[in-house]
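Structure file upload_12.tsv (TSV, C-alpha atoms and all ligand atoms) is printed below.
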```tsv
chain	number	residue	atom	x	y	z
A	30	MET	CA	-35.97	-1.20	90.76
A	31	THR	CA	-39.48	-0.41	91.92
A	32	SER	CA	-41.49	-3.07	93.65
A	33	ALA	CA	-43.86	-3.35	90.69
A	34	THR	CA	-41.09	-4.17	88.24
A	35	ALA	CA	-39.89	-6.89	90.59
A	36	LEU	CA	-42.97	-8.89	89.58
A	37	ARG	CA	-43.04	-11.01	86.48
A	38	ILE	CA	-45.95	-9.94	84.34
A	39	GLU	CA	-46.69	-12.71	81.89
A	40	GLN	CA	-49.17	-13.75	79.22
A	41	PRO	CA	-52.89	-13.91	80.01
A	42	ALA	CA	-53.88	-17.31	81.32
A	43	ALA	CA	-56.44	-18.11	78.65
A	44	VAL	CA	-53.64	-18.47	76.11
A	45	ALA	CA	-51.85	-21.27	77.89
A	46	ALA	CA	-54.95	-23.13	79.05
A	47	ALA	CA	-54.48	-25.22	75.91
A	48	GLY	CA	-50.93	-26.18	77.03
A	49	PRO	CA	-49.62	-29.65	77.80
A	50	ASP	CA	-50.83	-31.74	80.74
A	51	TYR	CA	-49.02	-30.49	83.83
A	52	VAL	CA	-50.64	-32.49	86.59
A	53	VAL	CA	-51.62	-36.05	85.66
A	54	VAL	CA	-53.61	-37.92	88.28
A	55	ASP	CA	-54.03	-41.53	87.20
A	56	ARG	CA	-56.50	-43.76	89.04
A	57	ILE	CA	-55.44	-42.68	92.50
A	58	SER	CA	-57.39	-43.76	95.51
A	59	LYS	CA	-56.93	-43.39	99.25
A	60	VAL	CA	-57.96	-45.78	101.97
A	61	TYR	CA	-57.01	-44.69	105.47
A	62	ASN	CA	-56.13	-47.41	107.99
A	63	GLU	CA	-56.52	-50.04	105.31
A	64	GLY	CA	-57.26	-53.54	106.59
A	65	THR	CA	-58.19	-52.35	110.08
A	66	ARG	CA	-61.58	-51.76	111.69
A	67	GLN	CA	-60.95	-48.03	111.33
A	68	GLN	CA	-60.67	-48.34	107.53
A	69	VAL	CA	-62.01	-45.25	105.69
A	70	GLU	CA	-62.22	-45.13	101.92
A	71	ALA	CA	-61.65	-41.39	101.40
A	72	VAL	CA	-61.01	-41.18	97.64
A	73	ALA	CA	-62.33	-43.68	95.09
A	74	PRO	CA	-60.17	-44.30	91.99
A	75	THR	CA	-59.85	-40.87	90.39
A	76	THR	CA	-58.31	-39.74	87.12
A	77	PHE	CA	-57.92	-36.17	85.87
A	78	THR	CA	-55.36	-33.81	84.36
A	79	VAL	CA	-54.62	-30.12	84.78
A	80	LYS	CA	-53.02	-28.37	81.83
A	81	ALA	CA	-50.14	-25.93	82.15
A	82	GLY	CA	-51.48	-22.51	83.09
A	83	GLU	CA	-54.97	-23.81	83.81
A	84	PHE	CA	-56.99	-22.96	86.93
A	85	VAL	CA	-58.99	-25.99	88.02
A	86	ALA	CA	-61.44	-26.01	90.93
A	87	LEU	CA	-62.20	-29.22	92.80
A	88	LEU	CA	-65.75	-28.82	94.10
A	89	GLY	CA	-67.49	-31.19	96.45
A	90	PRO	CA	-69.40	-31.55	99.70
A	91	SER	CA	-67.66	-31.51	103.05
A	92	GLY	CA	-65.90	-34.78	103.88
A	93	CYS	CA	-65.85	-36.08	100.29
A	94	GLY	CA	-62.05	-36.37	100.14
A	95	LYS	CA	-61.03	-33.02	98.59
A	96	SER	CA	-58.25	-32.29	101.08
A	97	THR	CA	-57.02	-35.86	100.84
A	98	LEU	CA	-56.80	-35.54	97.07
A	99	LEU	CA	-55.03	-32.20	97.26
A	100	MET	CA	-52.52	-33.46	99.85
A	101	MET	CA	-51.66	-36.33	97.54
A	102	VAL	CA	-51.06	-33.91	94.65
A	103	ALA	CA	-48.87	-31.88	97.04
A	104	GLY	CA	-46.84	-35.02	97.77
A	105	LEU	CA	-47.72	-34.65	101.46
A	106	ASP	CA	-49.78	-37.84	101.49
A	107	THR	CA	-49.36	-41.00	99.42
A	108	PRO	CA	-52.10	-42.64	97.36
A	109	SER	CA	-53.11	-46.18	98.29
A	110	ARG	CA	-53.24	-46.98	94.57
A	111	GLY	CA	-52.46	-45.12	91.36
A	112	THR	CA	-49.89	-42.54	90.36
A	113	ILE	CA	-49.45	-38.78	90.08
A	114	ALA	CA	-47.07	-36.96	87.76
A	115	VAL	CA	-46.28	-33.24	87.92
A	116	ALA	CA	-44.33	-31.39	85.24
A	117	GLY	CA	-43.56	-34.69	83.54
A	118	HIS	CA	-42.08	-36.39	86.60
A	119	PRO	CA	-43.63	-39.03	88.86
A	120	LEU	CA	-44.44	-37.46	92.21
A	121	ALA	CA	-42.61	-39.17	95.04
A	122	ALA	CA	-42.15	-36.36	97.60
A	123	PRO	CA	-43.22	-32.74	98.18
A	124	ARG	CA	-41.81	-30.40	95.52
A	125	ALA	CA	-40.16	-27.06	96.27
A	126	GLU	CA	-41.88	-25.71	93.15
A	127	THR	CA	-45.38	-26.32	94.54
A	128	GLY	CA	-46.95	-23.45	96.53
A	129	ILE	CA	-49.70	-24.33	99.02
A	130	MET	CA	-52.40	-22.32	100.79
A	131	PHE	CA	-54.71	-23.61	103.49
A	132	GLN	CA	-57.85	-22.29	105.19
A	133	ASP	CA	-55.69	-21.14	108.09
A	134	PRO	CA	-53.04	-18.70	106.85
A	135	THR	CA	-50.58	-20.24	109.37
A	136	LEU	CA	-48.50	-17.08	109.79
A	137	LEU	CA	-45.79	-16.90	112.42
A	138	PRO	CA	-47.21	-14.48	115.01
A	139	TRP	CA	-43.87	-12.94	115.98
A	140	LYS	CA	-42.84	-12.12	112.43
A	141	SER	CA	-43.93	-9.14	110.33
A	142	ALA	CA	-46.02	-9.54	107.18
A	143	LEU	CA	-42.87	-9.12	105.08
A	144	ASP	CA	-40.89	-11.68	107.10
A	145	ASN	CA	-43.76	-14.14	106.87
A	146	VAL	CA	-43.71	-13.79	103.08
A	147	LEU	CA	-39.95	-14.35	103.13
A	148	PHE	CA	-40.21	-17.37	105.42
A	149	PRO	CA	-39.99	-20.01	102.64
A	150	PHE	CA	-36.49	-18.70	101.89
A	151	GLN	CA	-35.47	-18.90	105.51
A	152	ALA	CA	-36.92	-22.39	105.79
A	153	ALA	CA	-35.13	-23.67	102.68
A	154	ASP	CA	-32.32	-21.43	101.56
A	155	ARG	CA	-31.92	-22.07	97.86
A	156	GLY	CA	-28.37	-20.79	97.93
A	157	THR	CA	-29.48	-17.28	97.04
A	158	GLY	CA	-29.29	-16.20	100.67
A	159	PRO	CA	-32.45	-15.86	102.70
A	160	LYS	CA	-32.78	-12.12	102.32
A	161	ASP	CA	-31.01	-10.89	99.21
A	162	ALA	CA	-32.25	-7.54	97.94
A	163	ALA	CA	-34.06	-8.93	94.89
A	164	THR	CA	-36.00	-11.43	97.02
A	165	VAL	CA	-36.98	-8.78	99.55
A	166	ALA	CA	-38.06	-6.48	96.70
A	167	ARG	CA	-40.15	-9.27	95.20
A	168	ALA	CA	-41.82	-9.99	98.55
A	169	ALA	CA	-42.50	-6.28	99.12
A	170	GLY	CA	-43.84	-5.94	95.57
A	171	LEU	CA	-46.23	-8.85	96.13
A	172	LEU	CA	-47.54	-7.28	99.35
A	173	ASP	CA	-48.14	-4.01	97.51
A	174	ARG	CA	-49.99	-5.80	94.72
A	175	VAL	CA	-52.41	-7.48	97.14
A	176	GLY	CA	-53.19	-4.11	98.75
A	177	LEU	CA	-50.90	-4.31	101.79
A	178	LYS	CA	-48.78	-1.27	101.07
A	179	GLY	CA	-48.06	0.29	104.45
A	180	PHE	CA	-48.56	-3.01	106.29
A	181	HIS	CA	-45.25	-4.73	105.54
A	182	HIS	CA	-44.06	-4.41	109.12
A	183	HIS	CA	-47.33	-5.22	110.85
A	184	LYS	CA	-47.56	-8.43	112.86
A	185	PRO	CA	-50.38	-10.92	112.06
A	186	ARG	CA	-52.38	-9.85	115.15
A	187	GLN	CA	-52.45	-6.31	113.75
A	188	LEU	CA	-54.02	-7.55	110.49
A	189	SER	CA	-57.61	-8.59	109.68
A	190	GLY	CA	-58.43	-12.16	108.57
A	191	GLY	CA	-58.54	-11.10	104.92
A	192	MET	CA	-55.22	-9.29	105.23
A	193	ARG	CA	-53.63	-12.38	106.75
A	194	GLN	CA	-54.79	-14.49	103.82
A	195	ARG	CA	-53.34	-11.83	101.47
A	196	VAL	CA	-50.00	-12.36	103.21
A	197	ALA	CA	-50.43	-16.13	102.75
A	198	ILE	CA	-51.07	-15.62	98.99
A	199	CYS	CA	-47.81	-13.65	98.77
A	200	ARG	CA	-45.94	-16.33	100.72
A	201	ALA	CA	-47.26	-19.00	98.34
A	202	LEU	CA	-46.13	-16.94	95.31
A	203	VAL	CA	-42.78	-15.60	96.51
A	204	TYR	CA	-41.01	-18.83	95.65
A	205	GLU	CA	-42.36	-18.45	92.12
A	206	PRO	CA	-44.06	-21.85	92.22
A	207	ASP	CA	-45.08	-23.51	88.96
A	208	LEU	CA	-48.06	-25.12	90.70
A	209	LEU	CA	-50.35	-23.48	93.24
A	210	LEU	CA	-52.49	-25.75	95.43
A	211	MET	CA	-55.18	-24.15	97.59
A	212	ASP	CA	-57.42	-25.89	100.12
A	213	GLU	CA	-60.49	-23.75	100.85
A	214	PRO	CA	-58.24	-20.76	101.59
A	215	PHE	CA	-61.11	-18.29	102.02
A	216	SER	CA	-63.81	-20.40	103.64
A	217	ALA	CA	-63.23	-18.97	107.12
A	218	LEU	CA	-63.76	-15.39	105.89
A	219	ASP	CA	-67.02	-13.42	105.78
A	220	ALA	CA	-68.80	-13.20	102.41
A	221	ILE	CA	-67.65	-9.67	101.54
A	222	THR	CA	-64.02	-10.36	102.41
A	223	ARG	CA	-64.22	-13.63	100.52
A	224	ASP	CA	-65.35	-11.79	97.35
A	225	GLU	CA	-62.43	-9.37	97.78
A	226	MET	CA	-60.03	-12.26	98.21
A	227	ASN	CA	-61.34	-13.96	95.08
A	228	LEU	CA	-60.61	-10.74	93.18
A	229	VAL	CA	-57.11	-10.49	94.67
A	230	LEU	CA	-56.37	-14.12	93.86
A	231	MET	CA	-57.64	-13.69	90.29
A	232	LYS	CA	-55.47	-10.63	89.79
A	233	MET	CA	-52.37	-12.37	91.13
A	234	TRP	CA	-53.03	-15.53	89.17
A	235	GLU	CA	-53.58	-13.60	85.92
A	236	GLU	CA	-50.27	-11.79	86.45
A	237	HIS	CA	-48.21	-14.76	87.58
A	238	HIS	CA	-49.84	-17.35	85.44
A	239	ARG	CA	-49.33	-20.51	87.49
A	240	THR	CA	-51.07	-23.81	87.12
A	241	ALA	CA	-53.61	-23.93	89.93
A	242	LEU	CA	-55.76	-26.50	91.73
A	243	PHE	CA	-58.25	-24.92	94.12
A	244	VAL	CA	-60.42	-26.92	96.53
A	245	THR	CA	-63.74	-25.43	97.57
A	246	HIS	CA	-67.24	-26.40	98.63
A	247	SER	CA	-68.59	-23.08	97.28
A	248	ILE	CA	-70.18	-23.47	93.84
A	249	ARG	CA	-70.03	-19.73	93.09
A	250	GLU	CA	-66.39	-19.44	94.12
A	251	ALA	CA	-65.48	-22.37	91.85
A	252	VAL	CA	-67.31	-20.90	88.85
A	253	TYR	CA	-65.89	-17.42	89.40
A	254	LEU	CA	-62.28	-18.54	89.69
A	255	ALA	CA	-61.82	-21.57	87.48
A	256	ASP	CA	-61.28	-22.50	83.86
A	257	ARG	CA	-62.65	-25.94	84.71
A	258	VAL	CA	-64.64	-27.26	87.64
A	259	LEU	CA	-64.28	-30.91	88.64
A	260	VAL	CA	-67.25	-32.00	90.73
A	261	MET	CA	-66.65	-34.71	93.34
A	262	SER	CA	-69.23	-37.11	94.71
A	263	SER	CA	-69.69	-37.55	98.43
A	264	ARG	CA	-67.22	-39.92	100.12
A	265	PRO	CA	-65.52	-41.91	98.77
A	266	GLY	CA	-64.91	-39.00	96.43
A	267	ARG	CA	-64.66	-39.48	92.71
A	268	ILE	CA	-65.01	-37.02	89.86
A	269	ILE	CA	-68.53	-37.07	88.48
A	270	GLU	CA	-68.44	-34.01	86.24
A	271	ASP	CA	-65.85	-31.91	84.41
A	272	VAL	CA	-67.30	-28.52	83.44
A	273	ARG	CA	-65.48	-25.91	81.36
A	274	ILE	CA	-66.18	-22.34	82.49
A	275	PRO	CA	-66.41	-20.15	79.38
A	276	PHE	CA	-66.02	-16.64	80.82
A	277	ALA	CA	-63.25	-14.41	79.44
A	278	ARG	CA	-60.59	-12.98	81.73
A	279	PRO	CA	-60.02	-10.71	83.50
A	280	ARG	CA	-63.29	-11.43	85.30
A	281	GLY	CA	-65.06	-8.91	87.50
A	282	LEU	CA	-67.33	-9.92	90.36
A	283	GLU	CA	-70.28	-8.65	88.30
A	284	ILE	CA	-70.18	-11.82	86.17
A	285	GLY	CA	-71.80	-13.44	89.21
A	286	GLU	CA	-75.01	-11.54	88.33
A	287	THR	CA	-75.25	-12.86	84.76
A	288	VAL	CA	-77.72	-15.49	83.60
A	289	ALA	CA	-74.93	-17.65	82.13
A	290	PHE	CA	-73.04	-17.69	85.46
A	291	ASN	CA	-76.14	-18.65	87.41
A	292	GLU	CA	-77.07	-21.35	84.90
A	293	ILE	CA	-73.71	-23.01	85.37
A	294	CYS	CA	-74.08	-22.76	89.16
A	295	GLY	CA	-77.54	-24.35	88.88
A	296	HIS	CA	-76.16	-27.17	86.77
A	297	LEU	CA	-73.37	-27.86	89.27
A	298	ARG	CA	-75.77	-27.70	92.19
A	299	GLY	CA	-77.94	-30.33	90.50
A	300	LYS	CA	-74.92	-32.59	90.05
A	301	ILE	CA	-73.92	-32.32	93.67
A	302	GLN	CA	-77.45	-32.94	94.94
A	303	HIS	CA	-78.19	-35.93	92.69
A	304	VAL	CA	-75.11	-38.01	92.98
A	305	PRO	CA	-75.67	-41.68	92.25
A	306	HIS	CA	-73.73	-43.89	94.63
B	1	LIG	P1	-62.87	-32.84	102.61
B	1	LIG	O1	-61.61	-32.07	102.48
B	1	LIG	O2	-63.59	-33.04	101.29
B	1	LIG	O3	-63.80	-32.26	103.62
B	1	LIG	P2	-61.15	-34.93	103.69
B	1	LIG	O4	-60.25	-35.28	102.56
B	1	LIG	O5	-60.61	-34.07	104.76
B	1	LIG	O6	-62.52	-34.33	103.08
B	1	LIG	O7	-61.67	-36.28	104.36
B	1	LIG	C1	-62.27	-37.35	103.62
B	1	LIG	C2	-62.58	-38.49	104.56
B	1	LIG	O8	-61.37	-39.08	105.01
B	1	LIG	C3	-63.34	-38.06	105.80
B	1	LIG	O9	-64.29	-39.08	106.12
B	1	LIG	C4	-62.27	-37.98	106.86
B	1	LIG	O10	-62.79	-38.25	108.13
B	1	LIG	C5	-61.32	-39.08	106.42
B	1	LIG	N1	-59.93	-38.79	106.82
B	1	LIG	C6	-59.20	-37.70	106.49
B	1	LIG	N2	-57.96	-37.77	106.99
B	1	LIG	C7	-57.90	-38.95	107.68
B	1	LIG	C8	-56.88	-39.62	108.44
B	1	LIG	N3	-55.66	-39.09	108.57
B	1	LIG	N4	-57.20	-40.81	108.99
B	1	LIG	C9	-58.42	-41.37	108.81
B	1	LIG	N5	-59.42	-40.80	108.12
B	1	LIG	C10	-59.17	-39.60	107.55
B	2	MG	MG	-61.01	-30.32	103.46
```
What would the structure in this file look like if it were written as structure tokens?
Amino acid sequence: MTSATALRIEQPAAVAAAGPDYVVVDRISKVYNEGTRQQVEAVAPTTFTVKAGEFVALLGPSGCGKSTLLMMVAGLDTPSRGTIAVAGHPLAAPRAETGIMFQDPTLLPWKSALDNVLFPFQAADRGTGPKDAATVARAAGLLDRVGLKGFHHHKPRQLSGGMRQRVAICRALVYEPDLLLMDEPFSALDAITRDEMNLVLMKMWEEHHRTALFVTHSIREAVYLADRVLVMSSRPGRIIEDVRIPFARPRGLEIGETVAFNEICGHLRGKIQHVPH
């Protein structure tokens, strides 16, 4: 089996964007240190859904509660009020089927790119054995698809920042998650590398067809990547706008030059700048 055939190539995302609700966030809020003098209301009561196969961007200013919201959807933090359901089940703990990416790729420095991608299997052996041939082939195939052919055995320090985030994308996908959560994964990268990473992520998402929730404070990144953009107010964050992005897929970076793209960006910018409190 070649590495390319180890990947599952599935239907284009636009088809399933009309699927059932996959993530259901129902009036969740988060108050840190509730009842103490350090109390911080991070997320105001918030309700939204993400449909199966949909790519939703959560866009808002720094400090508005985006990471808090995402961590609650990941099951890594608990809401103060409200409920979350994923894939039809109430969320009570982190799910093995949720893949997560952060701003820092958090690679293990002593492991190769390939071993970093395989790490989720070593951390939680699903009974398939941590390094069976099919899993290794899938990991290697993912690295090839993100442009890291020839770098499988490089250590993180031998890779650029963009390459490290490519490894992190592969690690998030290797477990074949049904839900991909990303918290500003490219915001530490320079603008050119960030554009490249957006292209890589789009390609991988179109091939693997996961439900995705992507946090960003970049308006252009949100509009380029997403089927829908949810705009959050400043803290305590709540959703003030839900904008459908009409562009067909696959999308090239050149859509960023079109009038329609820039009109949507202008609209979103206006929403973020004129938030009633
Ligand atoms: P964003 O990701 O949009 O920048 P965060 O969700 O990280 O925002 O933070 C929202 C607010 O909650 C901020 O005011 C932050 O200081 C506060 N906050 C985040 N985590 C904690 C915590 N563990 N304890 C207390 N306050 C927190
Ligand atoms: Mg954050």
Distance of atom CA of A:Asp212 from atom CA of A:Ser109, expressed in Å to one decimal place = 20.8 Å
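With only C-alpha atoms taken into account, the protein and nucleic acid residues at most 10 Å from A:Met261 (excluding it and anything under 2 positions from it in its own chain) are Val72, Thr75, Leu87, Leu88, Gly89, Pro90, Cys93, Gly94, Lys95, His246, Val258, Leu259, Ser263, Arg264, Pro265, Gly266, Arg267, Ile268, Ile269, Glu270, Asp271, Lys300, Ile301 and Val304 of chain A.
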Contact residues around A:Asp144 with only C-alpha atoms at 12 Å, ignoring same-chain residues under 2 positions, as a VMD selection string = chain A and resid 136 to 142 146 to 152 159 to 160 164 to 166 168 to 169 172 180 to 185 196 to 197 199 to 200 203
What would the list of residues within 10 Å of (-47.5, -32.1, 97.8) (file frame) look like as a count of residues only, if all atoms listed in the file are what count?
-> 22
Between A:Pro279, A:Gly285, A:Glu70, A:Ile248, which has the minimum distance to A:Lys232 (counting all atoms listed in the file)?
-> A:Pro279
Step by step, measure atom-to-atom distances between ligand LIG 1 (chain B) and each residue using only C-alpha atoms and all ligand atoms, keep those at most 6 Å, then write them as number ranges by chain.
-> A: 61, 69, 71, 91-97
Step by step: start from the point (-52.7, -28.0, 83.2) in the file's coordinates, keep every protein, DNA or RNA residue that has an atom no farther than 10 Å from it, count all atoms listed in the file, and write the set as a CSV table (one decimal) with C-alpha atoms, keeping the file's coordinate frame.
```
chain,number,residue,atom,x,y,z
A,45,ALA,CA,-51.8,-21.3,77.9
A,46,ALA,CA,-55.0,-23.1,79.0
A,47,ALA,CA,-54.5,-25.2,75.9
A,48,GLY,CA,-50.9,-26.2,77.0
A,49,PRO,CA,-49.6,-29.6,77.8
A,50,ASP,CA,-50.8,-31.7,80.7
A,51,TYR,CA,-49.0,-30.5,83.8
A,52,VAL,CA,-50.6,-32.5,86.6
A,53,VAL,CA,-51.6,-36.0,85.7
A,78,THR,CA,-55.4,-33.8,84.4
A,79,VAL,CA,-54.6,-30.1,84.8
A,80,LYS,CA,-53.0,-28.4,81.8
A,81,ALA,CA,-50.1,-25.9,82.2
A,82,GLY,CA,-51.5,-22.5,83.1
A,83,GLU,CA,-55.0,-23.8,83.8
A,84,PHE,CA,-57.0,-23.0,86.9
A,85,VAL,CA,-59.0,-26.0,88.0
A,115,VAL,CA,-46.3,-33.2,87.9
A,116,ALA,CA,-44.3,-31.4,85.2
A,208,LEU,CA,-48.1,-25.1,90.7
A,239,ARG,CA,-49.3,-20.5,87.5
A,240,THR,CA,-51.1,-23.8,87.1
A,241,ALA,CA,-53.6,-23.9,89.9
A,242,LEU,CA,-55.8,-26.5,91.7
```
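Here atom CA of A:Ile284 stands at a distance of 22.1 Å from atom CA of A:Gly191.
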Choose the residue, out of A:Val244, A:Leu228, A:Ala162, A:Leu143, that has the smallest atom-to-atom separation from ligand MG 2 (chain B); count only C-alpha atoms and all ligand atoms.
-> A:Val244
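Interatomic distance, atom CA of A:Gly170 against atom CA of A:Glu283: 27.6 Å.
The shortest atom-to-atom distance to ligand MG 2 (chain B), with all atoms listed in the file taken into account, belongs to A:Glu213 out of A:Glu235, A:Glu250, A:Asp133, A:Glu213.
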Who sits within 10 Å of stretch 225-227 of chain A, all atoms listed in the file, same chain under 5 positions skipped, as a list in words | Val175, Gly191, Met192, Gln194, Arg195, Ile198, Pro214, Phe215, Leu218, Ala220, Lys232, Met233, Glu250, Ala251, Tyr253, Leu254, Gly281 and Leu282 of chain A
Quick one: of A:His237, A:Asn62, A:Ser262, A:Asp207, who's nearest to A:Pro74, counting only C-alpha atoms?
-> A:Ser262
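With all atoms listed in the file as the atoms that count, the residue of A:Arg249, A:Gly179, A:Glu205, A:Arg257 with the shortest distance to A:Glu236 is A:Glu205.
For A:Ile57, the list of residues within 7 Å, based on all atoms listed in the file and with local chain neighbours fewer than 6 positions off taken out, reads Pro74, Thr75, Thr76, Pro108, Arg110, Gly111 and Thr112 of chain A.
Taking only C-alpha atoms and all ligand atoms into account, ligand MG 2 (chain B) lies nearest to A:Ser216 out of the set A:Tyr204, A:Ser189, A:Ser216, A:Val60.
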Can you complete the atoms of stretch 59-75 of chain A to N, CA, C and O atoms and list them as a short mmCIF file (atom, residue, chain, number, x, y, z; two decimals), in the coordinates of the input?
```cif
data_model
loop_
_atom_site.label_atom_id
_atom_site.label_comp_id
_atom_site.auth_asym_id
_atom_site.auth_seq_id
_atom_site.Cartn_x
_atom_site.Cartn_y
_atom_site.Cartn_z
N LYS A 59 -57.51 -43.46 97.90
CA LYS A 59 -56.93 -43.39 99.25
C LYS A 59 -57.83 -44.12 100.23
O LYS A 59 -59.02 -43.81 100.35
N VAL A 60 -57.26 -45.08 100.90
CA VAL A 60 -57.96 -45.78 101.97
C VAL A 60 -57.14 -45.57 103.23
O VAL A 60 -55.97 -45.98 103.30
N TYR A 61 -57.72 -44.86 104.20
CA TYR A 61 -57.01 -44.69 105.47
C TYR A 61 -57.16 -45.94 106.32
O TYR A 61 -58.20 -46.59 106.30
N ASN A 62 -56.12 -46.27 107.06
CA ASN A 62 -56.13 -47.41 107.99
C ASN A 62 -56.59 -48.69 107.30
O ASN A 62 -57.42 -49.44 107.84
N GLU A 63 -56.06 -48.92 106.11
CA GLU A 63 -56.52 -50.04 105.31
C GLU A 63 -56.33 -51.36 106.05
O GLU A 63 -55.29 -51.60 106.67
N GLY A 64 -57.33 -52.21 105.99
CA GLY A 64 -57.26 -53.54 106.59
C GLY A 64 -57.54 -53.55 108.08
O GLY A 64 -57.46 -54.60 108.71
N THR A 65 -57.86 -52.39 108.66
CA THR A 65 -58.19 -52.35 110.08
C THR A 65 -59.68 -52.02 110.25
O THR A 65 -60.35 -51.68 109.27
N ARG A 66 -60.16 -52.09 111.47
CA ARG A 66 -61.58 -51.76 111.69
C ARG A 66 -61.86 -50.27 111.51
O ARG A 66 -62.99 -49.86 111.37
N GLN A 67 -60.78 -49.48 111.55
CA GLN A 67 -60.95 -48.03 111.33
C GLN A 67 -60.84 -47.64 109.85
O GLN A 67 -60.74 -46.47 109.52
N GLN A 68 -60.87 -48.63 108.96
CA GLN A 68 -60.67 -48.34 107.53
C GLN A 68 -61.68 -47.31 107.02
O GLN A 68 -62.87 -47.41 107.29
N VAL A 69 -61.16 -46.28 106.31
CA VAL A 69 -62.01 -45.25 105.69
C VAL A 69 -61.58 -45.11 104.24
O VAL A 69 -60.43 -44.81 103.95
N GLU A 70 -62.53 -45.35 103.34
CA GLU A 70 -62.22 -45.13 101.92
C GLU A 70 -62.53 -43.66 101.64
O GLU A 70 -63.68 -43.24 101.58
N ALA A 71 -61.47 -42.84 101.53
CA ALA A 71 -61.65 -41.39 101.40
C ALA A 71 -61.79 -40.98 99.93
O ALA A 71 -62.61 -40.13 99.60
N VAL A 72 -60.97 -41.55 99.06
CA VAL A 72 -61.01 -41.18 97.64
C VAL A 72 -61.11 -42.46 96.82
O VAL A 72 -60.27 -43.36 96.95
N ALA A 73 -62.16 -42.54 96.00
CA ALA A 73 -62.33 -43.68 95.09
C ALA A 73 -61.44 -43.44 93.87
O ALA A 73 -61.02 -42.31 93.62
N PRO A 74 -61.10 -44.48 93.10
CA PRO A 74 -60.17 -44.30 91.99
C PRO A 74 -60.55 -43.09 91.11
O PRO A 74 -61.67 -43.00 90.62
N THR A 75 -59.60 -42.17 91.00
CA THR A 75 -59.85 -40.87 90.39
C THR A 75 -58.79 -40.55 89.36
O THR A 75 -57.60 -40.73 89.63
#
```
